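Here's the structure we're looking at; comments come further down.
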Amino acid sequence: MFRSFPRRSLPFARSLATHAAPINSSRPVTRHDWKKEEIQKIYDTPLLDLVFRAASVHRQYQDPNKIQLCTLMNIKTGGCSEDCSYCSQSSRYSTPTKASRLLDIEPVLEAARKAKANGSTRFCMGAAWRDLAGRKRGFERILEMVREVRGMGMEVCTTLGMLSPEQARQLKEAGLTAYNHNLDTSREFYPQVITTRSYDERLDTISAVRDAGISVCSGGILGLGESDSDRVGLIHEVANMPEHPESFPVNALVPIPGTPLEKNDPVPVHVLIRTIATARIAMPTTIIRLAAGSPWDEDKAMMGRWGLEGMRSFEQVGVAKKEGERLEQGAHNEAAEPVAATATL
Ligand code: SF4
């Protein structure tokens, strides 16, 4: 379940996430004024106490037997000008990943149909580049992909590097559900991982996405050489955003030969557990996504063994709220169609 993938190095990867239950007014409100010391104290709690507390919070805010299956596809691989030291797709390192052009629309739609048939209710499209500058035609193609995948009744996510407020607005208009833009690690440790863009530039894109009414998916990678304090710093940063991210993906580094982090040690499992549990407590309504890259059959078998159920599209309360009228319209259209497929509401 925790088999993670080198960021954007596989054509497909599926992630698993918990499911948010409907809002219950008796729950405490979520906090946005965390002090770093408070989060550090949670992180340092004896492990079994921490797990118990996180599981208790989880049950208050989430349906513990539901997870979301999400498929990630690279729509443009390799040749990236950025220097993220963990990434096989940076053109600065000699890795086995070969650069390719932006894919045509149809193969992407075919992959989305297959993902939906295999139970994924969110489809994420990732492009390896710094931003969309000078990519007008490519962006139009991506907007069309977003419209088409959304038309299948799936949640649509993209990860396309830095965005301007206008690009975020266009993505929202095309039907984008969520935008992935990871902070990766703490503000302090970030310059040791990436030098071609700043932490504040990351935060600017996240603000543009949030302001456009798109759900934010922003998390980190463990095993970059960061300390406990950096993991706490990452959670502190996202937990104090004006809105908690709708999703907090937790990746574990798979060291890629040829990258500066090729010799990093695997992240210990107790570090993964502490990070996930602390994020759960600090951001109780957020979906914690485990970027795993499991084959579909393995996911299905595991869910069967564990009695887990896949969630439907737009079942997460915050996501449904942001979808607003579009979702109501979709439900109306489905009701009007005599051969409507599975309802997404
Ligand atoms: S921006 Fe960084 S993580 Fe993304 S593809 Fe480029 S090098 Fe890799």
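By order in the structure tokens, chains are A, B, ...; within a chain, residues start at 1; ligands start at 1, following the order shown.
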
Legend entry - Close residues, region 155-163 of chain A itself excluded, 6 Å, only C-alpha atoms, min 2 positions apart in chain, as a PyMOL selection string: chain A and resi 122-127+130-131+150+167+176-180+205+313

Keeping N, CA and C atoms, export the residues of the selection given above as a PDB file, in the first residue's frame.
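The resulting file, result.pdb, is shown below:
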ATOM      1  N   ARG A 122     -11.397   9.649  -9.586  1.00  0.00           N
ATOM      2  CA  ARG A 122     -10.659  10.882  -9.901  1.00  0.00           C
ATOM      3  C   ARG A 122      -9.566  10.521 -10.900  1.00  0.00           C
ATOM      4  N   PHE A 123      -9.414  11.367 -11.916  1.00  0.00           N
ATOM      5  CA  PHE A 123      -8.386  11.144 -12.933  1.00  0.00           C
ATOM      6  C   PHE A 123      -7.499  12.383 -12.971  1.00  0.00           C
ATOM      7  N   CYS A 124      -6.199  12.168 -12.751  1.00  0.00           N
ATOM      8  CA  CYS A 124      -5.261  13.291 -12.671  1.00  0.00           C
ATOM      9  C   CYS A 124      -4.280  13.229 -13.841  1.00  0.00           C
ATOM     10  N   MET A 125      -4.089  14.376 -14.489  1.00  0.00           N
ATOM     11  CA  MET A 125      -3.185  14.448 -15.644  1.00  0.00           C
ATOM     12  C   MET A 125      -1.995  15.342 -15.295  1.00  0.00           C
ATOM     13  N   GLY A 126      -0.787  14.802 -15.432  1.00  0.00           N
ATOM     14  CA  GLY A 126       0.408  15.545 -15.036  1.00  0.00           C
ATOM     15  C   GLY A 126       1.319  15.841 -16.212  1.00  0.00           C
ATOM     16  N   ALA A 127       1.856  17.062 -16.255  1.00  0.00           N
ATOM     17  CA  ALA A 127       2.789  17.440 -17.317  1.00  0.00           C
ATOM     18  C   ALA A 127       4.108  17.888 -16.679  1.00  0.00           C
ATOM     19  N   ARG A 130       7.852  23.565 -16.202  1.00  0.00           N
ATOM     20  CA  ARG A 130       7.840  24.568 -15.137  1.00  0.00           C
ATOM     21  C   ARG A 130       6.488  25.273 -15.044  1.00  0.00           C
ATOM     22  N   ASP A 131       5.962  25.655 -16.217  1.00  0.00           N
ATOM     23  CA  ASP A 131       4.701  26.407 -16.242  1.00  0.00           C
ATOM     24  C   ASP A 131       4.125  26.346 -17.653  1.00  0.00           C
ATOM     25  N   ARG A 150     -14.268  15.379 -17.365  1.00  0.00           N
ATOM     26  CA  ARG A 150     -15.344  15.812 -16.459  1.00  0.00           C
ATOM     27  C   ARG A 150     -16.696  15.351 -16.992  1.00  0.00           C
ATOM     28  N   GLN A 167      -5.058  31.492 -15.824  1.00  0.00           N
ATOM     29  CA  GLN A 167      -5.025  30.071 -16.228  1.00  0.00           C
ATOM     30  C   GLN A 167      -5.852  29.231 -15.263  1.00  0.00           C
ATOM     31  N   LEU A 176     -12.376  21.755 -14.103  1.00  0.00           N
ATOM     32  CA  LEU A 176     -11.375  21.131 -13.240  1.00  0.00           C
ATOM     33  C   LEU A 176     -11.862  21.040 -11.792  1.00  0.00           C
ATOM     34  N   THR A 177     -11.688  19.878 -11.200  1.00  0.00           N
ATOM     35  CA  THR A 177     -12.091  19.664  -9.810  1.00  0.00           C
ATOM     36  C   THR A 177     -10.980  20.078  -8.846  1.00  0.00           C
ATOM     37  N   ALA A 178      -9.753  19.625  -9.133  1.00  0.00           N
ATOM     38  CA  ALA A 178      -8.650  19.824  -8.181  1.00  0.00           C
ATOM     39  C   ALA A 178      -7.352  20.081  -8.934  1.00  0.00           C
ATOM     40  N   TYR A 179      -6.444  20.776  -8.260  1.00  0.00           N
ATOM     41  CA  TYR A 179      -5.124  21.039  -8.849  1.00  0.00           C
ATOM     42  C   TYR A 179      -4.061  20.581  -7.872  1.00  0.00           C
ATOM     43  N   ASN A 180      -3.142  19.737  -8.362  1.00  0.00           N
ATOM     44  CA  ASN A 180      -2.058  19.259  -7.485  1.00  0.00           C
ATOM     45  C   ASN A 180      -0.829  20.146  -7.621  1.00  0.00           C
ATOM     46  N   THR A 205       0.861  29.965  -6.625  1.00  0.00           N
ATOM     47  CA  THR A 205       0.015  29.113  -7.492  1.00  0.00           C
ATOM     48  C   THR A 205      -1.124  28.505  -6.680  1.00  0.00           C
ATOM     49  N   SER A 313     -17.659   9.659  -7.163  1.00  0.00           N
ATOM     50  CA  SER A 313     -17.183  10.991  -7.532  1.00  0.00           C
ATOM     51  C   SER A 313     -17.968  12.033  -6.754  1.00  0.00           C
TER      52      SER A 313
END

Inset, instruction - Write as a ChimeraX atom specification the residues around ligand 1, taking 10 Å as the cut-off and counting only C-alpha atoms and all ligand atoms. - result: /A:6-9,74,76-93,126-131,159-162,181-182,184,193-194,196-197

Legend entry - strand (DSSP E or B) positions in region 35-208 of chain A, given as a PyMOL selection string: chain A and resi 62-76+80+90+122-127+131+155-159+162+178-180+184

Inset, instruction - Choose the residue, out of A:Ala301, A:Ile42, A:Leu253, A:Leu222, that has the smallest atom-to-atom separation from Val271 (chain A); count only C-alpha atoms. - result: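 Of the candidates, the smallest distance to Val271 (chain A) is held by A:Leu222.
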
Inset, instruction - Using CA of Ser94 (chain A) and CA of Pro249 (chain A) as the two end points, give the distance in Å to one decimal. - result: 26.9 Å

Legend entry - Pick from A:Arg326, A:Arg312, A:Arg147, A:Arg101, whichever lies nearest to Leu69 (chain A) using only C-alpha atoms: A:Arg312

Legend entry - Polymer residues at most 7 Å from region 236-245 of chain A, only C-alpha atoms, same-chain spacing of 5 or more positions, as a PyMOL selection string: chain A and resi 32-34+36+39+216-218+282-283+286

Those of region 106-277 of chain A in DSSP helix (DSSP H, G or I), formatted as a PDB file with N, CA and C atoms, in the first residue's frame:
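The resulting file, states_28.pdb, is shown below:
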ATOM      1  N   GLU A 106      -7.179  11.784 -27.531  1.00  0.00           N
ATOM      2  CA  GLU A 106      -7.876  10.492 -27.487  1.00  0.00           C
ATOM      3  C   GLU A 106      -7.212   9.439 -26.587  1.00  0.00           C
ATOM      4  N   PRO A 107      -5.877   9.256 -26.670  1.00  0.00           N
ATOM      5  CA  PRO A 107      -5.279   8.250 -25.764  1.00  0.00           C
ATOM      6  C   PRO A 107      -5.500   8.571 -24.286  1.00  0.00           C
ATOM      7  N   VAL A 108      -5.579   9.875 -23.992  1.00  0.00           N
ATOM      8  CA  VAL A 108      -5.803  10.265 -22.594  1.00  0.00           C
ATOM      9  C   VAL A 108      -7.238   9.910 -22.193  1.00  0.00           C
ATOM     10  N   LEU A 109      -8.174  10.176 -23.101  1.00  0.00           N
ATOM     11  CA  LEU A 109      -9.582   9.853 -22.776  1.00  0.00           C
ATOM     12  C   LEU A 109      -9.764   8.346 -22.642  1.00  0.00           C
ATOM     13  N   GLU A 110      -9.055   7.607 -23.485  1.00  0.00           N
ATOM     14  CA  GLU A 110      -9.140   6.147 -23.419  1.00  0.00           C
ATOM     15  C   GLU A 110      -8.644   5.667 -22.043  1.00  0.00           C
ATOM     16  N   ALA A 111      -7.549   6.277 -21.587  1.00  0.00           N
ATOM     17  CA  ALA A 111      -7.003   5.908 -20.268  1.00  0.00           C
ATOM     18  C   ALA A 111      -7.983   6.283 -19.152  1.00  0.00           C
ATOM     19  N   ALA A 112      -8.651   7.412 -19.298  1.00  0.00           N
ATOM     20  CA  ALA A 112      -9.616   7.834 -18.268  1.00  0.00           C
ATOM     21  C   ALA A 112     -10.799   6.862 -18.225  1.00  0.00           C
ATOM     22  N   ARG A 113     -11.252   6.440 -19.406  1.00  0.00           N
ATOM     23  CA  ARG A 113     -12.378   5.468 -19.436  1.00  0.00           C
ATOM     24  C   ARG A 113     -11.967   4.176 -18.727  1.00  0.00           C
ATOM     25  N   LYS A 114     -10.750   3.738 -18.999  1.00  0.00           N
ATOM     26  CA  LYS A 114     -10.249   2.492 -18.397  1.00  0.00           C
ATOM     27  C   LYS A 114     -10.145   2.661 -16.874  1.00  0.00           C
ATOM     28  N   ALA A 115      -9.654   3.830 -16.459  1.00  0.00           N
ATOM     29  CA  ALA A 115      -9.514   4.087 -15.016  1.00  0.00           C
ATOM     30  C   ALA A 115     -10.885   4.059 -14.352  1.00  0.00           C
ATOM     31  N   LYS A 116     -11.863   4.666 -15.017  1.00  0.00           N
ATOM     32  CA  LYS A 116     -13.221   4.698 -14.455  1.00  0.00           C
ATOM     33  C   LYS A 116     -13.785   3.270 -14.365  1.00  0.00           C
ATOM     34  N   ALA A 117     -13.561   2.496 -15.423  1.00  0.00           N
ATOM     35  CA  ALA A 117     -14.062   1.110 -15.432  1.00  0.00           C
ATOM     36  C   ALA A 117     -13.417   0.302 -14.304  1.00  0.00           C
ATOM     37  N   LYS A 136       0.295  27.951 -25.486  1.00  0.00           N
ATOM     38  CA  LYS A 136      -1.113  28.285 -25.695  1.00  0.00           C
ATOM     39  C   LYS A 136      -1.901  27.095 -26.294  1.00  0.00           C
ATOM     40  N   ARG A 137      -1.337  26.504 -27.359  1.00  0.00           N
ATOM     41  CA  ARG A 137      -2.077  25.403 -28.008  1.00  0.00           C
ATOM     42  C   ARG A 137      -2.117  24.172 -27.117  1.00  0.00           C
ATOM     43  N   GLY A 138      -1.008  23.944 -26.418  1.00  0.00           N
ATOM     44  CA  GLY A 138      -0.977  22.810 -25.493  1.00  0.00           C
ATOM     45  C   GLY A 138      -2.003  22.999 -24.388  1.00  0.00           C
ATOM     46  N   PHE A 139      -2.115  24.229 -23.896  1.00  0.00           N
ATOM     47  CA  PHE A 139      -3.083  24.501 -22.819  1.00  0.00           C
ATOM     48  C   PHE A 139      -4.511  24.296 -23.317  1.00  0.00           C
ATOM     49  N   GLU A 140      -4.768  24.721 -24.574  1.00  0.00           N
ATOM     50  CA  GLU A 140      -6.122  24.510 -25.129  1.00  0.00           C
ATOM     51  C   GLU A 140      -6.441  23.008 -25.196  1.00  0.00           C
ATOM     52  N   ARG A 141      -5.416  22.225 -25.567  1.00  0.00           N
ATOM     53  CA  ARG A 141      -5.639  20.762 -25.631  1.00  0.00           C
ATOM     54  C   ARG A 141      -5.939  20.213 -24.235  1.00  0.00           C
ATOM     55  N   ILE A 142      -5.235  20.717 -23.254  1.00  0.00           N
ATOM     56  CA  ILE A 142      -5.453  20.245 -21.880  1.00  0.00           C
ATOM     57  C   ILE A 142      -6.850  20.658 -21.392  1.00  0.00           C
ATOM     58  N   LEU A 143      -7.265  21.876 -21.748  1.00  0.00           N
ATOM     59  CA  LEU A 143      -8.616  22.310 -21.343  1.00  0.00           C
ATOM     60  C   LEU A 143      -9.663  21.372 -21.945  1.00  0.00           C
ATOM     61  N   GLU A 144      -9.424  20.940 -23.178  1.00  0.00           N
ATOM     62  CA  GLU A 144     -10.359  20.009 -23.816  1.00  0.00           C
ATOM     63  C   GLU A 144     -10.348  18.656 -23.087  1.00  0.00           C
ATOM     64  N   MET A 145      -9.156  18.201 -22.694  1.00  0.00           N
ATOM     65  CA  MET A 145      -9.072  16.934 -21.927  1.00  0.00           C
ATOM     66  C   MET A 145      -9.880  17.069 -20.635  1.00  0.00           C
ATOM     67  N   VAL A 146      -9.737  18.210 -19.975  1.00  0.00           N
ATOM     68  CA  VAL A 146     -10.458  18.427 -18.708  1.00  0.00           C
ATOM     69  C   VAL A 146     -11.964  18.367 -18.959  1.00  0.00           C
ATOM     70  N   ARG A 147     -12.431  19.073 -19.998  1.00  0.00           N
ATOM     71  CA  ARG A 147     -13.882  19.068 -20.297  1.00  0.00           C
ATOM     72  C   ARG A 147     -14.384  17.649 -20.544  1.00  0.00           C
ATOM     73  N   GLU A 148     -13.607  16.901 -21.346  1.00  0.00           N
ATOM     74  CA  GLU A 148     -14.050  15.544 -21.729  1.00  0.00           C
ATOM     75  C   GLU A 148     -14.067  14.593 -20.521  1.00  0.00           C
ATOM     76  N   VAL A 149     -13.027  14.637 -19.711  1.00  0.00           N
ATOM     77  CA  VAL A 149     -12.972  13.708 -18.563  1.00  0.00           C
ATOM     78  C   VAL A 149     -14.070  14.080 -17.574  1.00  0.00           C
ATOM     79  N   ARG A 150     -14.268  15.379 -17.365  1.00  0.00           N
ATOM     80  CA  ARG A 150     -15.344  15.812 -16.459  1.00  0.00           C
ATOM     81  C   ARG A 150     -16.696  15.351 -16.992  1.00  0.00           C
ATOM     82  N   GLY A 151     -16.817  15.344 -18.332  1.00  0.00           N
ATOM     83  CA  GLY A 151     -18.060  14.888 -18.978  1.00  0.00           C
ATOM     84  C   GLY A 151     -18.336  13.406 -18.728  1.00  0.00           C
ATOM     85  N   PRO A 165      -3.401  33.418 -12.195  1.00  0.00           N
ATOM     86  CA  PRO A 165      -4.818  33.422 -11.820  1.00  0.00           C
ATOM     87  C   PRO A 165      -5.730  33.209 -13.033  1.00  0.00           C
ATOM     88  N   GLU A 166      -5.370  33.760 -14.205  1.00  0.00           N
ATOM     89  CA  GLU A 166      -6.206  33.607 -15.400  1.00  0.00           C
ATOM     90  C   GLU A 166      -6.215  32.145 -15.876  1.00  0.00           C
ATOM     91  N   GLN A 167      -5.058  31.492 -15.824  1.00  0.00           N
ATOM     92  CA  GLN A 167      -5.025  30.071 -16.228  1.00  0.00           C
ATOM     93  C   GLN A 167      -5.852  29.231 -15.263  1.00  0.00           C
ATOM     94  N   ALA A 168      -5.789  29.573 -13.986  1.00  0.00           N
ATOM     95  CA  ALA A 168      -6.597  28.833 -13.003  1.00  0.00           C
ATOM     96  C   ALA A 168      -8.087  29.041 -13.306  1.00  0.00           C
ATOM     97  N   ARG A 169      -8.450  30.259 -13.663  1.00  0.00           N
ATOM     98  CA  ARG A 169      -9.857  30.554 -13.968  1.00  0.00           C
ATOM     99  C   ARG A 169     -10.329  29.719 -15.173  1.00  0.00           C
ATOM    100  N   GLN A 170      -9.466  29.641 -16.199  1.00  0.00           N
ATOM    101  CA  GLN A 170      -9.841  28.865 -17.393  1.00  0.00           C
ATOM    102  C   GLN A 170      -9.992  27.377 -17.073  1.00  0.00           C
ATOM    103  N   LEU A 171      -9.120  26.873 -16.213  1.00  0.00           N
ATOM    104  CA  LEU A 171      -9.222  25.457 -15.833  1.00  0.00           C
ATOM    105  C   LEU A 171     -10.524  25.205 -15.077  1.00  0.00           C
ATOM    106  N   LYS A 172     -10.874  26.140 -14.203  1.00  0.00           N
ATOM    107  CA  LYS A 172     -12.125  26.007 -13.446  1.00  0.00           C
ATOM    108  C   LYS A 172     -13.314  26.007 -14.414  1.00  0.00           C
ATOM    109  N   GLU A 173     -13.272  26.918 -15.369  1.00  0.00           N
ATOM    110  CA  GLU A 173     -14.372  27.027 -16.335  1.00  0.00           C
ATOM    111  C   GLU A 173     -14.510  25.731 -17.160  1.00  0.00           C
ATOM    112  N   ALA A 174     -13.355  25.091 -17.437  1.00  0.00           N
ATOM    113  CA  ALA A 174     -13.394  23.834 -18.204  1.00  0.00           C
ATOM    114  C   ALA A 174     -13.930  22.673 -17.366  1.00  0.00           C
ATOM    115  N   TYR A 190      13.369  23.440   1.763  1.00  0.00           N
ATOM    116  CA  TYR A 190      13.041  23.494   0.331  1.00  0.00           C
ATOM    117  C   TYR A 190      14.241  23.867  -0.559  1.00  0.00           C
ATOM    118  N   PRO A 191      15.029  24.908  -0.212  1.00  0.00           N
ATOM    119  CA  PRO A 191      16.138  25.286  -1.104  1.00  0.00           C
ATOM    120  C   PRO A 191      17.199  24.203  -1.270  1.00  0.00           C
ATOM    121  N   GLN A 192      17.196  23.224  -0.379  1.00  0.00           N
ATOM    122  CA  GLN A 192      18.159  22.128  -0.546  1.00  0.00           C
ATOM    123  C   GLN A 192      17.643  21.069  -1.515  1.00  0.00           C
ATOM    124  N   TYR A 199       9.695  28.800  -2.613  1.00  0.00           N
ATOM    125  CA  TYR A 199       8.532  28.325  -1.844  1.00  0.00           C
ATOM    126  C   TYR A 199       7.353  29.279  -2.044  1.00  0.00           C
ATOM    127  N   ASP A 200       7.671  30.573  -2.069  1.00  0.00           N
ATOM    128  CA  ASP A 200       6.588  31.556  -2.229  1.00  0.00           C
ATOM    129  C   ASP A 200       5.926  31.448  -3.600  1.00  0.00           C
ATOM    130  N   GLU A 201       6.703  31.083  -4.624  1.00  0.00           N
ATOM    131  CA  GLU A 201       6.073  30.873  -5.942  1.00  0.00           C
ATOM    132  C   GLU A 201       5.095  29.701  -5.876  1.00  0.00           C
ATOM    133  N   ARG A 202       5.462  28.668  -5.118  1.00  0.00           N
ATOM    134  CA  ARG A 202       4.531  27.528  -4.940  1.00  0.00           C
ATOM    135  C   ARG A 202       3.242  28.029  -4.296  1.00  0.00           C
ATOM    136  N   LEU A 203       3.423  28.825  -3.250  1.00  0.00           N
ATOM    137  CA  LEU A 203       2.249  29.309  -2.504  1.00  0.00           C
ATOM    138  C   LEU A 203       1.380  30.228  -3.378  1.00  0.00           C
ATOM    139  N   ASP A 204       2.014  30.993  -4.279  1.00  0.00           N
ATOM    140  CA  ASP A 204       1.241  31.874  -5.174  1.00  0.00           C
ATOM    141  C   ASP A 204       0.323  31.051  -6.079  1.00  0.00           C
ATOM    142  N   THR A 205       0.861  29.965  -6.625  1.00  0.00           N
ATOM    143  CA  THR A 205       0.015  29.113  -7.492  1.00  0.00           C
ATOM    144  C   THR A 205      -1.124  28.505  -6.680  1.00  0.00           C
ATOM    145  N   ILE A 206      -0.817  28.067  -5.477  1.00  0.00           N
ATOM    146  CA  ILE A 206      -1.870  27.476  -4.629  1.00  0.00           C
ATOM    147  C   ILE A 206      -2.953  28.524  -4.342  1.00  0.00           C
ATOM    148  N   SER A 207      -2.558  29.766  -4.100  1.00  0.00           N
ATOM    149  CA  SER A 207      -3.555  30.826  -3.866  1.00  0.00           C
ATOM    150  C   SER A 207      -4.409  31.053  -5.114  1.00  0.00           C
ATOM    151  N   ALA A 208      -3.755  31.055  -6.293  1.00  0.00           N
ATOM    152  CA  ALA A 208      -4.507  31.273  -7.542  1.00  0.00           C
ATOM    153  C   ALA A 208      -5.547  30.167  -7.736  1.00  0.00           C
ATOM    154  N   VAL A 209      -5.156  28.944  -7.425  1.00  0.00           N
ATOM    155  CA  VAL A 209      -6.052  27.789  -7.566  1.00  0.00           C
ATOM    156  C   VAL A 209      -7.241  27.921  -6.598  1.00  0.00           C
ATOM    157  N   ARG A 210      -6.922  28.232  -5.353  1.00  0.00           N
ATOM    158  CA  ARG A 210      -7.965  28.362  -4.326  1.00  0.00           C
ATOM    159  C   ARG A 210      -8.930  29.497  -4.687  1.00  0.00           C
ATOM    160  N   ASP A 211      -8.352  30.637  -5.130  1.00  0.00           N
ATOM    161  CA  ASP A 211      -9.192  31.792  -5.470  1.00  0.00           C
ATOM    162  C   ASP A 211     -10.103  31.508  -6.664  1.00  0.00           C
ATOM    163  N   ASP A 228      12.685  15.573  11.198  1.00  0.00           N
ATOM    164  CA  ASP A 228      11.331  15.580  11.757  1.00  0.00           C
ATOM    165  C   ASP A 228      10.770  16.998  11.749  1.00  0.00           C
ATOM    166  N   SER A 229      11.618  17.959  12.079  1.00  0.00           N
ATOM    167  CA  SER A 229      11.181  19.356  12.141  1.00  0.00           C
ATOM    168  C   SER A 229      10.704  19.842  10.759  1.00  0.00           C
ATOM    169  N   ASP A 230      11.306  19.337   9.693  1.00  0.00           N
ATOM    170  CA  ASP A 230      10.861  19.725   8.346  1.00  0.00           C
ATOM    171  C   ASP A 230       9.497  19.104   8.011  1.00  0.00           C
ATOM    172  N   ARG A 231       9.282  17.883   8.470  1.00  0.00           N
ATOM    173  CA  ARG A 231       7.965  17.255   8.227  1.00  0.00           C
ATOM    174  C   ARG A 231       6.895  18.018   8.991  1.00  0.00           C
ATOM    175  N   VAL A 232       7.226  18.403  10.192  1.00  0.00           N
ATOM    176  CA  VAL A 232       6.304  19.207  11.002  1.00  0.00           C
ATOM    177  C   VAL A 232       6.083  20.573  10.325  1.00  0.00           C
ATOM    178  N   GLY A 233       7.171  21.140   9.795  1.00  0.00           N
ATOM    179  CA  GLY A 233       7.082  22.443   9.123  1.00  0.00           C
ATOM    180  C   GLY A 233       6.157  22.400   7.924  1.00  0.00           C
ATOM    181  N   LEU A 234       6.212  21.314   7.165  1.00  0.00           N
ATOM    182  CA  LEU A 234       5.311  21.166   6.009  1.00  0.00           C
ATOM    183  C   LEU A 234       3.857  21.137   6.462  1.00  0.00           C
ATOM    184  N   ILE A 235       3.575  20.319   7.481  1.00  0.00           N
ATOM    185  CA  ILE A 235       2.186  20.216   7.969  1.00  0.00           C
ATOM    186  C   ILE A 235       1.741  21.561   8.529  1.00  0.00           C
ATOM    187  N   HIS A 236       2.623  22.249   9.238  1.00  0.00           N
ATOM    188  CA  HIS A 236       2.309  23.563   9.805  1.00  0.00           C
ATOM    189  C   HIS A 236       1.926  24.541   8.687  1.00  0.00           C
ATOM    190  N   GLU A 237       2.674  24.510   7.597  1.00  0.00           N
ATOM    191  CA  GLU A 237       2.417  25.431   6.472  1.00  0.00           C
ATOM    192  C   GLU A 237       1.021  25.189   5.869  1.00  0.00           C
ATOM    193  N   VAL A 238       0.690  23.940   5.581  1.00  0.00           N
ATOM    194  CA  VAL A 238      -0.597  23.679   4.915  1.00  0.00           C
ATOM    195  C   VAL A 238      -1.771  23.791   5.893  1.00  0.00           C
ATOM    196  N   ALA A 239      -1.520  23.442   7.167  1.00  0.00           N
ATOM    197  CA  ALA A 239      -2.628  23.480   8.136  1.00  0.00           C
ATOM    198  C   ALA A 239      -3.022  24.916   8.490  1.00  0.00           C
ATOM    199  N   VAL A 269       9.135   3.300   8.167  1.00  0.00           N
ATOM    200  CA  VAL A 269       7.670   3.234   8.196  1.00  0.00           C
ATOM    201  C   VAL A 269       7.101   4.070   9.349  1.00  0.00           C
ATOM    202  N   HIS A 270       7.817   4.138  10.501  1.00  0.00           N
ATOM    203  CA  HIS A 270       7.268   4.909  11.621  1.00  0.00           C
ATOM    204  C   HIS A 270       7.241   6.404  11.300  1.00  0.00           C
ATOM    205  N   VAL A 271       8.118   6.842  10.416  1.00  0.00           N
ATOM    206  CA  VAL A 271       8.106   8.251   9.991  1.00  0.00           C
ATOM    207  C   VAL A 271       6.866   8.516   9.119  1.00  0.00           C
ATOM    208  N   LEU A 272       6.581   7.568   8.237  1.00  0.00           N
ATOM    209  CA  LEU A 272       5.363   7.688   7.423  1.00  0.00           C
ATOM    210  C   LEU A 272       4.126   7.738   8.316  1.00  0.00           C
ATOM    211  N   ILE A 273       4.095   6.833   9.303  1.00  0.00           N
ATOM    212  CA  ILE A 273       2.924   6.772  10.190  1.00  0.00           C
ATOM    213  C   ILE A 273       2.790   8.076  10.969  1.00  0.00           C
ATOM    214  N   ARG A 274       3.891   8.571  11.515  1.00  0.00           N
ATOM    215  CA  ARG A 274       3.831   9.825  12.300  1.00  0.00           C
ATOM    216  C   ARG A 274       3.353  10.985  11.432  1.00  0.00           C
ATOM    217  N   THR A 275       3.843  11.041  10.206  1.00  0.00           N
ATOM    218  CA  THR A 275       3.476  12.159   9.327  1.00  0.00           C
ATOM    219  C   THR A 275       1.994  12.086   8.963  1.00  0.00           C
ATOM    220  N   ILE A 276       1.538  10.905   8.589  1.00  0.00           N
ATOM    221  CA  ILE A 276       0.127  10.745   8.208  1.00  0.00           C
ATOM    222  C   ILE A 276      -0.776  11.052   9.405  1.00  0.00           C
ATOM    223  N   ALA A 277      -0.424  10.512  10.569  1.00  0.00           N
ATOM    224  CA  ALA A 277      -1.268  10.701  11.759  1.00  0.00           C
ATOM    225  C   ALA A 277      -1.304  12.170  12.183  1.00  0.00           C
TER     226      ALA A 277
END

Legend entry - Among listed residues A:Met73, A:Ala54, A:Leu261, A:Ile256, nearest Gly225 (chain A) (using only C-alpha atoms): A:Leu261

Legend entry - Atom pair CA of Arg135 (chain A) / CA of Leu103 (chain A): separation (Å):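 Answer for the CA of Arg135 (chain A) to CA of Leu103 (chain A) separation: 13.5 Å.
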
Legend entry - Pick from A:Gly219, A:Gly213, A:Ser186, A:Lys41, whichever lies nearest to Ile288 (chain A) using only C-alpha atoms: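 Comparing A:Gly219, A:Gly213, A:Ser186, A:Lys41 against Ile288 (chain A), the winner is A:Gly219.
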
Inset, instruction - Give me, please, the distance in Å between CA of Ala279 (chain A) and CA of Trp306 (chain A), quoted to one decimal. - result: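 One can read the CA of Ala279 (chain A) to CA of Trp306 (chain A) distance as 22.9 Å.
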
Inset, instruction - Tell me which protein, DNA and RNA residues are within 7 Å of Glu309 (chain A), counting only C-alpha atoms, leaving out same-chain ones fewer than 4 positions away, and put them as a list in words. - result: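 Residues near the query, excluding close chain neighbours: Asn65, Lys66, Ile67 and Met303 of chain A.
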
Would you save the residues of that selection, restricted to C-alpha atoms, as an mmCIF file, in the first residue's frame?
data_model
loop_
_atom_site.group_PDB
_atom_site.id
_atom_site.type_symbol
_atom_site.label_atom_id
_atom_site.label_comp_id
_atom_site.auth_asym_id
_atom_site.auth_seq_id
_atom_site.Cartn_x
_atom_site.Cartn_y
_atom_site.Cartn_z
ATOM 1 C CA ASN A 65 -14.380 2.207 5.482
ATOM 2 C CA LYS A 66 -14.286 4.347 2.383
ATOM 3 C CA ILE A 67 -11.343 5.418 0.281
ATOM 4 C CA MET A 303 -9.986 -3.510 -0.637
#

Legend entry - Using only C-alpha atoms: which of A:Ser227, A:Ile221, A:Gly310, A:Glu325 has the shortest distance to Val254 (chain A):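 So, comparing all the options, the nearest one is A:Ile221.
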
Legend entry - Nearest candidate to Gln62 (chain A) (options A:Met302, A:Glu328, A:Ile287, A:Val250; using only C-alpha atoms):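 Counting only C-alpha atoms, the residue closest to Gln62 (chain A) is A:Ile287.
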